[in-house]
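Everything below belongs to run34.txt, which stores compact mmCIF, C-alpha atoms and all ligand atoms.
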# COMPACT_ATOMS: atom_id res chain seq x y z
CA MET A 1 15.31 8.70 -17.25
CA ASP A 2 12.43 7.93 -19.56
CA GLY A 3 12.42 5.80 -22.70
CA ASN A 4 14.19 2.58 -21.75
CA GLY A 5 11.24 0.39 -22.66
CA ARG A 6 10.74 1.99 -26.08
CA TRP A 7 14.48 1.77 -26.78
CA ALA A 8 14.31 -1.99 -26.22
CA THR A 9 11.03 -2.54 -28.05
CA LYS A 10 12.41 -0.77 -31.13
CA ARG A 11 15.18 -3.37 -31.16
CA HIS A 12 12.82 -6.31 -30.57
CA LEU A 13 14.39 -6.80 -27.14
CA PRO A 14 12.61 -7.33 -23.82
CA ARG A 15 11.95 -4.08 -21.92
CA ILE A 16 14.39 -5.12 -19.23
CA ALA A 17 17.22 -4.93 -21.79
CA GLY A 18 16.35 -1.26 -22.13
CA HIS A 19 16.64 -0.76 -18.38
CA LYS A 20 20.08 -2.42 -18.44
CA GLN A 21 21.14 -0.08 -21.21
CA GLY A 22 19.74 2.76 -19.10
CA VAL A 23 22.33 1.97 -16.42
CA GLU A 24 25.09 2.34 -19.02
CA SER A 25 23.64 5.67 -20.07
CA LEU A 26 23.58 6.82 -16.44
CA LYS A 27 27.25 5.90 -15.92
CA ARG A 28 28.19 7.88 -19.03
CA LEU A 29 26.13 10.87 -17.93
CA VAL A 30 27.59 10.94 -14.42
CA ARG A 31 31.13 10.98 -15.85
CA ALA A 32 30.20 13.66 -18.36
CA SER A 33 28.65 15.71 -15.56
CA VAL A 34 31.82 15.48 -13.46
CA GLN A 35 33.87 16.65 -16.46
CA ARG A 36 31.54 19.61 -16.97
CA GLY A 37 31.70 20.73 -13.34
CA VAL A 38 28.17 19.77 -12.36
CA SER A 39 28.07 19.29 -8.58
CA VAL A 40 24.73 17.49 -8.12
CA VAL A 41 22.88 15.09 -10.40
CA THR A 42 19.50 13.71 -9.33
CA VAL A 43 17.90 10.94 -11.36
CA PHE A 44 14.44 9.41 -11.20
CA ALA A 45 15.00 5.66 -11.31
CA PHE A 46 11.80 4.21 -9.83
CA SER A 47 8.67 6.08 -8.89
CA SER A 48 6.11 5.28 -6.22
CA GLU A 49 3.78 4.62 -9.15
CA ASN A 50 6.11 2.17 -10.92
CA TRP A 51 4.97 -0.62 -8.55
CA SER A 52 1.92 -0.92 -10.77
CA ARG A 53 4.01 -2.22 -13.69
CA PRO A 54 3.97 -5.98 -14.43
CA ALA A 55 5.57 -7.93 -11.56
CA ASP A 56 8.42 -9.26 -13.70
CA GLU A 57 9.41 -5.74 -14.77
CA VAL A 58 9.34 -4.52 -11.16
CA SER A 59 11.48 -7.41 -9.94
CA GLY A 60 13.77 -6.95 -12.96
CA LEU A 61 14.31 -3.31 -12.01
CA MET A 62 15.12 -4.31 -8.40
CA ASP A 63 17.59 -6.93 -9.64
CA ILE A 64 19.26 -4.44 -11.98
CA LEU A 65 19.69 -1.99 -9.11
CA VAL A 66 21.32 -4.56 -6.83
CA PHE A 67 23.48 -5.94 -9.64
CA ALA A 68 24.56 -2.51 -10.88
CA LEU A 69 25.48 -1.42 -7.36
CA GLY A 70 27.59 -4.55 -6.83
CA ARG A 71 29.38 -4.00 -10.12
CA GLU A 72 29.78 -0.22 -10.17
CA VAL A 73 30.03 1.16 -6.66
CA SER A 74 33.76 0.76 -6.10
CA GLN A 75 34.53 2.51 -9.40
CA LEU A 76 32.09 5.34 -8.61
CA HIS A 77 33.69 5.61 -5.17
CA GLN A 78 37.16 5.95 -6.73
CA GLU A 79 35.83 8.69 -8.97
CA GLY A 80 34.60 10.67 -5.96
CA VAL A 81 30.88 10.13 -6.42
CA GLN A 82 28.71 10.45 -3.30
CA LEU A 83 25.69 8.20 -3.78
CA ARG A 84 22.40 8.95 -2.08
CA PHE A 85 19.14 7.07 -2.45
CA ILE A 86 16.04 9.17 -2.08
CA GLY A 87 12.66 7.63 -1.39
CA SER A 88 10.82 5.34 0.97
CA ARG A 89 12.70 2.14 1.83
CA GLU A 90 9.82 0.51 3.66
CA ALA A 91 8.55 -1.53 0.74
CA LEU A 92 12.01 -2.56 -0.49
CA SER A 93 13.44 -6.01 0.10
CA GLU A 94 16.22 -6.54 2.61
CA LYS A 95 18.65 -7.25 -0.24
CA VAL A 96 17.85 -3.95 -1.95
CA ARG A 97 17.95 -2.01 1.31
CA SER A 98 21.33 -3.35 2.30
CA GLY A 99 22.68 -2.60 -1.20
CA LEU A 100 21.56 1.02 -0.93
CA HIS A 101 22.87 1.37 2.60
CA GLY A 102 26.27 -0.14 1.76
CA ALA A 103 26.75 2.17 -1.23
CA GLU A 104 25.80 5.22 0.83
CA VAL A 105 28.13 4.35 3.70
CA LEU A 106 31.07 3.66 1.37
CA THR A 107 30.69 6.91 -0.59
CA ALA A 108 29.42 9.22 2.19
CA THR A 109 32.51 11.44 2.38
CA ASN A 110 33.06 11.85 -1.38
CA THR A 111 32.79 15.42 -2.63
CA ARG A 112 33.39 15.43 -6.39
CA ILE A 113 29.74 15.03 -7.30
CA VAL A 114 26.54 14.02 -5.48
CA LEU A 115 24.45 11.46 -7.33
CA ASN A 116 20.94 11.31 -5.88
CA VAL A 117 19.07 8.27 -7.13
CA CYS A 118 15.34 8.67 -6.53
CA PHE A 119 14.08 5.16 -5.95
CA ASN A 120 10.59 4.41 -4.70
CA TYR A 121 10.24 8.17 -4.70
CA GLY A 122 7.41 10.55 -5.38
CA GLY A 123 7.36 14.32 -4.98
CA ARG A 124 4.07 14.18 -3.08
CA TRP A 125 5.42 11.46 -0.79
CA ASP A 126 8.36 13.72 0.01
CA VAL A 127 6.23 16.73 0.95
CA ALA A 128 3.92 14.53 3.03
CA GLN A 129 6.75 12.78 4.90
CA ALA A 130 8.39 16.14 5.59
CA ALA A 131 5.15 17.58 7.00
CA ALA A 132 4.63 14.44 9.10
CA ARG A 133 8.14 14.76 10.54
CA LEU A 134 7.51 18.37 11.55
CA ALA A 135 4.15 17.46 13.04
CA ALA A 136 5.76 14.68 15.08
CA LEU A 137 8.32 17.18 16.37
CA GLN A 138 5.51 19.67 17.01
CA GLU A 139 7.38 22.21 14.89
CA PRO A 140 5.62 24.91 12.89
CA ILE A 141 5.22 24.09 9.21
CA THR A 142 6.85 26.83 7.17
CA GLU A 143 8.67 26.91 3.83
CA ALA A 144 11.99 27.01 5.66
CA SER A 145 11.19 24.19 8.09
CA LEU A 146 9.81 21.97 5.33
CA THR A 147 12.89 22.58 3.20
CA ARG A 148 15.02 21.34 6.12
CA VAL A 149 13.26 17.99 6.38
CA LEU A 150 12.60 17.23 2.72
CA SER A 151 14.57 14.30 1.37
CA LEU A 152 16.90 16.50 -0.69
CA ALA A 153 17.77 18.89 2.15
CA HIS A 154 21.47 18.15 1.54
CA CYS A 155 21.33 19.80 -1.92
CA PRO A 156 20.35 23.13 -3.41
CA ASP A 157 17.25 23.21 -5.63
CA PRO A 158 17.93 21.98 -9.16
CA ASP A 159 18.87 24.59 -11.77
CA LEU A 160 17.90 22.40 -14.72
CA ILE A 161 15.52 19.47 -15.02
CA ILE A 162 15.89 17.31 -18.11
CA ARG A 163 13.16 14.91 -19.12
CA THR A 164 14.02 12.44 -21.84
CA GLY A 165 11.73 10.27 -23.94
CA GLY A 166 9.58 13.02 -25.42
CA GLU A 167 7.04 13.37 -22.59
CA LYS A 168 6.33 16.85 -21.33
CA ARG A 169 5.41 16.47 -17.71
CA LEU A 170 7.07 16.15 -14.31
CA SER A 171 5.36 12.90 -13.28
CA ASN A 172 5.71 13.57 -9.54
CA PHE A 173 9.45 14.37 -9.71
CA LEU A 174 10.90 17.02 -7.35
CA LEU A 175 7.61 18.90 -7.08
CA TRP A 176 8.75 21.20 -4.29
CA GLN A 177 12.31 21.66 -5.53
CA ALA A 178 11.30 22.31 -9.15
CA ALA A 179 9.73 25.69 -8.32
CA TYR A 180 12.34 27.71 -10.24
CA ALA A 181 14.10 25.01 -12.20
CA GLU A 182 14.54 25.45 -15.93
CA LEU A 183 12.73 22.62 -17.69
CA TYR A 184 14.22 20.92 -20.74
CA PHE A 185 12.50 18.22 -22.76
CA SER A 186 14.47 15.90 -24.99
CA GLU A 187 13.04 13.56 -27.60
CA ALA A 188 15.97 11.20 -27.01
CA LEU A 189 15.17 7.92 -25.32
CA TRP A 190 17.19 7.66 -22.11
CA PRO A 191 19.66 5.00 -23.40
CA ASP A 192 20.45 7.33 -26.33
CA PHE A 193 20.91 10.44 -24.16
CA ASP A 194 24.68 10.91 -24.51
CA GLU A 195 27.28 13.64 -23.97
CA VAL A 196 26.17 15.49 -27.10
CA ALA A 197 22.58 15.53 -25.88
CA LEU A 198 23.73 16.73 -22.45
CA ASP A 199 25.74 19.54 -24.03
CA GLU A 200 22.70 20.63 -26.05
CA ALA A 201 20.69 20.82 -22.85
CA LEU A 202 23.42 22.78 -21.07
CA GLN A 203 23.73 25.14 -24.04
CA GLU A 204 20.05 25.88 -23.97
CA TYR A 205 20.15 26.35 -20.20
CA ALA A 206 22.99 28.85 -20.62
CA HIS A 207 20.71 31.01 -22.77
CA ARG A 208 17.76 31.05 -20.40
CA GLN A 209 17.26 34.15 -18.30
CA ARG A 210 16.42 33.22 -14.73
CA ARG A 211 14.41 35.97 -13.12
CA PHE A 212 12.99 34.41 -9.93
CA GLY A 213 10.00 36.75 -10.13
CA LYS A 214 11.98 39.89 -11.00
CA THR A 215 11.87 41.97 -14.19
CA PRO A 216 14.42 41.43 -16.98
CA ASP A 217 16.09 44.76 -16.14
CA GLN A 218 16.53 43.89 -12.53
CA VAL A 219 18.25 40.67 -13.45
CA SER A 220 20.53 41.96 -16.19
CA PRO A 221 20.43 45.78 -16.57
CA SER A 222 23.23 45.70 -19.17
CA HIS A 223 21.04 44.09 -21.83
CA GLN A 224 19.24 47.41 -22.28
CA SER A 225 21.21 50.14 -24.01
CA ALA A 226 20.92 53.91 -23.42
CA ASP A 227 18.36 54.28 -26.23
CA GLY A 228 16.10 51.94 -24.31
CA ALA A 229 16.10 49.33 -27.04
CA ASP A 230 16.31 45.74 -26.00
CA HIS A 231 19.45 44.16 -27.48
C1 LIG B 301 12.52 4.12 -17.69
O1 LIG B 301 11.83 4.22 -18.87
C2 LIG B 301 11.76 4.54 -16.45
C3 LIG B 301 11.84 3.55 -15.35
C4 LIG B 301 10.79 3.26 -14.61
C5 LIG B 301 13.09 2.87 -15.05
P1 LIG B 301 10.43 3.53 -19.17
O2 LIG B 301 10.41 2.15 -18.62
O3 LIG B 301 9.34 4.43 -18.70
O4 LIG B 301 10.47 3.46 -20.74
P2 LIG B 301 9.29 3.72 -21.77
O5 LIG B 301 8.67 5.03 -21.42
O6 LIG B 301 8.34 2.57 -21.64
O7 LIG B 301 9.99 3.74 -23.09
MG MG B 302 8.14 5.83 -19.58

Rewrite the structure of this file - the entire thing - as structure tokens.
Amino acid sequence: MDGNGRWATKRHLPRIAGHKQGVESLKRLVRASVQRGVSVVTVFAFSSENWSRPADEVSGLMDILVFALGREVSQLHQEGVQLRFIGSREALSEKVRSGLHGAEVLTATNTRIVLNVCFNYGGRWDVAQAAARLAALQEPITEASLTRVLSLAHCPDPDLIIRTGGEKRLSNFLLWQAAYAELYFSEALWPDFDEVALDEALQEYAHRQRRFGKTPDQVSPSHQSADGADH
């Protein structure tokens, strides 16, 4: 969810106003995703590296999280959203931790859509914590065993990863799970990323051919006609 700060700066507002608007954008996108039959949405809200931002921005982001949870969770619960927070909780304050825990407990049995909020998350952290868990259990480290103890073990790998804000990198997001994800980069700043922008991304995704290492013919033999020409 990149671009909140620039959205605010363009309007001569403090960066934190952009983060608040980012919450509104997230609410809209979750509803739009439910309507379009998406079963899992995973958002990157706060990275392990975001601690190095100015202290007032970091504390502002923590406050927005707690405030937004207090204001929105019962509505999300009614709409069937299962909330999960992905990331290390060790460095989070007691207030933040109890907010995350309360939201997870309340929504744990909802099945309409899973909303994973990556908070104090990093893809490298996830792989390392998974390997450490296996080592502690004295279990062999394999692709299958790691997949079982990674923080998103409750979800399939993402089909589509959308990055907003014009940057073209993953920035430590879902490194393991992104192996075969289709990547989509949007110039839109996150607060401007609306239903129309989502539909554009889904349209483009629908036209991608996902081969998972196979040849085009193996994946869709019908796209070649008898004359051998590619149609
Ligand atoms: C949101 O966008 C990402 C968060 C850490 C919440 P940014 O804060 O990175 O916004 P820009 O990139 O400065 O515009
Ligand atoms: Mg940014």

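Atom CA of Cys118 of chain A to atom CA of Leu137 of chain A spans 25.4 Å [interatomic distance, one decimal].
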
- line: Among A:Ala188, A:Leu100, A:Ile113, A:Leu76, ligand LIG 301 (chain B) is approached most closely, using all atoms listed in the file, by A:Ala188

- request: Using only C-alpha atoms, determine which residues lie at most 12 Å from Phe46 of chain A, disregarding the query and same-chain residues fewer than 2 positions distant; provide the list as a ChimeraX atom specification.
  value: /A:1-2,19,43-44,48-53,57-62,64-65,85-89,92,117-122,171-173

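You can rank A:Gln177, A:Ser25, A:Gln129, A:Asn4 by their closest distance to ligand LIG 301 (chain B) using all atoms listed in the file, and at the top of that list sits A:Asn4.
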
Can you tell me, as a PDB file with C-alpha atoms, in the frame of the given file, what residues are no more than 12 Å from segment 200-215 of chain A when counting all atoms listed in the file, ignoring any on the same chain fewer than 6 positions away?
ATOM      1  CA  ALA A  32      30.200  13.660 -18.360  1.00  0.00           C
ATOM      2  CA  SER A  33      28.650  15.710 -15.560  1.00  0.00           C
ATOM      3  CA  ARG A  36      31.540  19.610 -16.970  1.00  0.00           C
ATOM      4  CA  GLY A  37      31.700  20.730 -13.340  1.00  0.00           C
ATOM      5  CA  VAL A  38      28.170  19.770 -12.360  1.00  0.00           C
ATOM      6  CA  ASP A 159      18.870  24.590 -11.770  1.00  0.00           C
ATOM      7  CA  LEU A 160      17.900  22.400 -14.720  1.00  0.00           C
ATOM      8  CA  ILE A 161      15.520  19.470 -15.020  1.00  0.00           C
ATOM      9  CA  ILE A 162      15.890  17.310 -18.110  1.00  0.00           C
ATOM     10  CA  ARG A 163      13.160  14.910 -19.120  1.00  0.00           C
ATOM     11  CA  THR A 164      14.020  12.440 -21.840  1.00  0.00           C
ATOM     12  CA  ALA A 179       9.730  25.690  -8.320  1.00  0.00           C
ATOM     13  CA  TYR A 180      12.340  27.710 -10.240  1.00  0.00           C
ATOM     14  CA  ALA A 181      14.100  25.010 -12.200  1.00  0.00           C
ATOM     15  CA  GLU A 182      14.540  25.450 -15.930  1.00  0.00           C
ATOM     16  CA  LEU A 183      12.730  22.620 -17.690  1.00  0.00           C
ATOM     17  CA  TYR A 184      14.220  20.920 -20.740  1.00  0.00           C
ATOM     18  CA  PHE A 185      12.500  18.220 -22.760  1.00  0.00           C
ATOM     19  CA  SER A 186      14.470  15.900 -24.990  1.00  0.00           C
ATOM     20  CA  GLU A 187      13.040  13.560 -27.600  1.00  0.00           C
ATOM     21  CA  ALA A 188      15.970  11.200 -27.010  1.00  0.00           C
ATOM     22  CA  PHE A 193      20.910  10.440 -24.160  1.00  0.00           C
ATOM     23  CA  ASP A 194      24.680  10.910 -24.510  1.00  0.00           C
ATOM     24  CA  PRO A 221      20.430  45.780 -16.570  1.00  0.00           C
ATOM     25  CA  HIS A 223      21.040  44.090 -21.830  1.00  0.00           C
TER      26      HIS A 223
END

message: Can you measure atom CA of Val81 of chain A to atom CA of Val105 of chain A for me? One decimal in Å is fine.
response: 12.0 Å

message: Can you tell me which residues surround Ile141 of chain A at a distance of at most 10 Å, considering all atoms listed in the file, apart from same-chain residues fewer than 5 positions away, and format the answer as number ranges by chain?
response: A: 130-135, 146-147

Would you mind exporting the chosen residues as a CSV table (one decimal), in the frame of the given file, restricted to C-alpha atoms?
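result35.csv, freshly written:
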chain,number,residue,atom,x,y,z
A,130,ALA,CA,8.4,16.1,5.6
A,131,ALA,CA,5.2,17.6,7.0
A,132,ALA,CA,4.6,14.4,9.1
A,133,ARG,CA,8.1,14.8,10.5
A,134,LEU,CA,7.5,18.4,11.6
A,135,ALA,CA,4.2,17.5,13.0
A,146,LEU,CA,9.8,22.0,5.3
A,147,THR,CA,12.9,22.6,3.2

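The nearest approach to ligand LIG 301 (chain B) among the residues A:Ala45, A:Val127, A:Val66, A:Ile16, with all atoms listed in the file taken into account, belongs to A:Ala45.
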
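Using all atoms listed in the file, the shortest contact distance between ligand LIG 301 (chain B) and any of A:Gly80, A:Pro140, A:Pro191, A:Pro216 is found at A:Pro191.
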
Show me, as a PDB file with C-alpha atoms, in the coordinates of the input, the residues that have an atom within 10 Å of Gly99 of chain A when counting only C-alpha atoms, minus same-chain residues fewer than 6 positions from it.
ATOM      1  CA  LEU A  65      19.690  -1.990  -9.110  1.00  0.00           C
ATOM      2  CA  VAL A  66      21.320  -4.560  -6.830  1.00  0.00           C
ATOM      3  CA  PHE A  67      23.480  -5.940  -9.640  1.00  0.00           C
ATOM      4  CA  ALA A  68      24.560  -2.510 -10.880  1.00  0.00           C
ATOM      5  CA  LEU A  69      25.480  -1.420  -7.360  1.00  0.00           C
ATOM      6  CA  GLY A  70      27.590  -4.550  -6.830  1.00  0.00           C
ATOM      7  CA  VAL A  73      30.030   1.160  -6.660  1.00  0.00           C
ATOM      8  CA  SER A  93      13.440  -6.010   0.100  1.00  0.00           C
TER       9      SER A  93
END

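Take the candidates A:Ala128, A:Glu94, A:Arg84, A:Arg28 and check each one against Thr109 of chain A using all atoms listed in the file; the shortest distance goes to A:Arg84.
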
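In this structure, atom O4 of ligand LIG 301 (chain B) sits 7.8 Å away from atom CA of Arg15 of chain A.
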
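Across A:Gln21, A:Leu150, A:Ala178, A:Ser47, the tightest approach to ligand MG 302 (chain B) is made by A:Ser47 when counting all atoms listed in the file.
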
With all atoms of segment 17-24 of chain A from the file as input, state the centre and edge lengths in Å to one decimal of the axis-aligned box that has 5 Å extra on each side, as JSON.
{"center_x": 20.7, "center_y": -1.1, "center_z": -19.3, "size_x": 18.7, "size_y": 17.7, "size_z": 15.7}

What would segment 25-36 of chain A look like with all heavy atoms restored, written as a compact mmCIF listing (two decimals), in the frame of the given file?
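Wrote it out as rebuild11.txt, contents follow:
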# COMPACT_ATOMS: atom_id res chain seq x y z
N SER A 25 23.83 4.26 -19.74
CA SER A 25 23.64 5.67 -20.07
C SER A 25 23.86 6.54 -18.83
O SER A 25 24.48 7.62 -18.91
CB SER A 25 22.22 5.86 -20.61
OG SER A 25 22.07 7.13 -21.17
N LEU A 26 23.41 6.06 -17.68
CA LEU A 26 23.58 6.82 -16.44
C LEU A 26 25.06 6.94 -16.08
O LEU A 26 25.53 8.03 -15.72
CB LEU A 26 22.80 6.14 -15.30
CG LEU A 26 22.93 6.79 -13.92
CD1 LEU A 26 22.53 8.26 -13.95
CD2 LEU A 26 22.10 6.03 -12.89
N LYS A 27 25.80 5.85 -16.21
CA LYS A 27 27.25 5.90 -15.92
C LYS A 27 27.93 6.96 -16.79
O LYS A 27 28.73 7.77 -16.33
CB LYS A 27 27.88 4.53 -16.21
CG LYS A 27 27.77 3.59 -15.04
CD LYS A 27 27.96 2.14 -15.41
CE LYS A 27 29.12 1.82 -16.33
NZ LYS A 27 29.13 0.38 -16.74
N ARG A 28 27.60 6.93 -18.08
CA ARG A 28 28.19 7.88 -19.03
C ARG A 28 27.83 9.32 -18.65
O ARG A 28 28.68 10.21 -18.66
CB ARG A 28 27.64 7.53 -20.42
CG ARG A 28 28.16 8.38 -21.57
CD ARG A 28 27.68 7.81 -22.89
NE ARG A 28 26.21 7.79 -22.97
CZ ARG A 28 25.50 7.11 -23.87
NH1 ARG A 28 26.12 6.38 -24.78
NH2 ARG A 28 24.19 7.17 -23.88
N LEU A 29 26.58 9.52 -18.26
CA LEU A 29 26.13 10.87 -17.93
C LEU A 29 26.75 11.39 -16.63
O LEU A 29 27.04 12.59 -16.52
CB LEU A 29 24.61 10.90 -17.83
CG LEU A 29 23.90 11.49 -19.03
CD1 LEU A 29 24.14 12.99 -19.13
CD2 LEU A 29 24.37 10.83 -20.34
N VAL A 30 26.97 10.50 -15.68
CA VAL A 30 27.59 10.94 -14.42
C VAL A 30 29.03 11.38 -14.71
O VAL A 30 29.47 12.43 -14.26
CB VAL A 30 27.55 9.82 -13.35
CG1 VAL A 30 28.39 10.19 -12.14
CG2 VAL A 30 26.11 9.58 -12.93
N ARG A 31 29.74 10.60 -15.51
CA ARG A 31 31.13 10.98 -15.85
C ARG A 31 31.16 12.29 -16.62
O ARG A 31 31.98 13.17 -16.35
CB ARG A 31 31.80 9.88 -16.68
CG ARG A 31 32.19 8.80 -15.75
CD ARG A 31 32.93 7.63 -16.26
NE ARG A 31 32.91 6.70 -15.14
CZ ARG A 31 32.46 5.46 -15.20
NH1 ARG A 31 32.06 4.94 -16.33
NH2 ARG A 31 32.44 4.71 -14.12
N ALA A 32 30.25 12.42 -17.57
CA ALA A 32 30.20 13.66 -18.36
C ALA A 32 29.88 14.85 -17.46
O ALA A 32 30.41 15.94 -17.63
CB ALA A 32 29.16 13.53 -19.47
N SER A 33 29.03 14.63 -16.48
CA SER A 33 28.65 15.71 -15.56
C SER A 33 29.84 16.13 -14.71
O SER A 33 30.06 17.33 -14.48
CB SER A 33 27.49 15.27 -14.66
OG SER A 33 26.37 14.95 -15.46
N VAL A 34 30.60 15.16 -14.23
CA VAL A 34 31.82 15.48 -13.46
C VAL A 34 32.75 16.34 -14.32
O VAL A 34 33.21 17.39 -13.89
CB VAL A 34 32.54 14.19 -13.00
CG1 VAL A 34 33.93 14.52 -12.46
CG2 VAL A 34 31.72 13.45 -11.96
N GLN A 35 32.96 15.91 -15.56
CA GLN A 35 33.87 16.65 -16.46
C GLN A 35 33.39 18.08 -16.70
O GLN A 35 34.19 18.97 -16.93
CB GLN A 35 33.97 15.93 -17.81
CG GLN A 35 34.80 14.68 -17.77
CD GLN A 35 34.56 13.80 -19.01
OE1 GLN A 35 33.81 14.18 -19.92
NE2 GLN A 35 35.18 12.63 -19.04
N ARG A 36 32.08 18.28 -16.68
CA ARG A 36 31.54 19.61 -16.97
C ARG A 36 31.33 20.45 -15.71
O ARG A 36 30.75 21.54 -15.77
CB ARG A 36 30.23 19.47 -17.75
CG ARG A 36 30.49 19.10 -19.22
CD ARG A 36 29.34 18.31 -19.80
NE ARG A 36 29.61 17.89 -21.17
CZ ARG A 36 30.40 16.86 -21.51
NH1 ARG A 36 31.03 16.17 -20.58
NH2 ARG A 36 30.58 16.55 -22.78
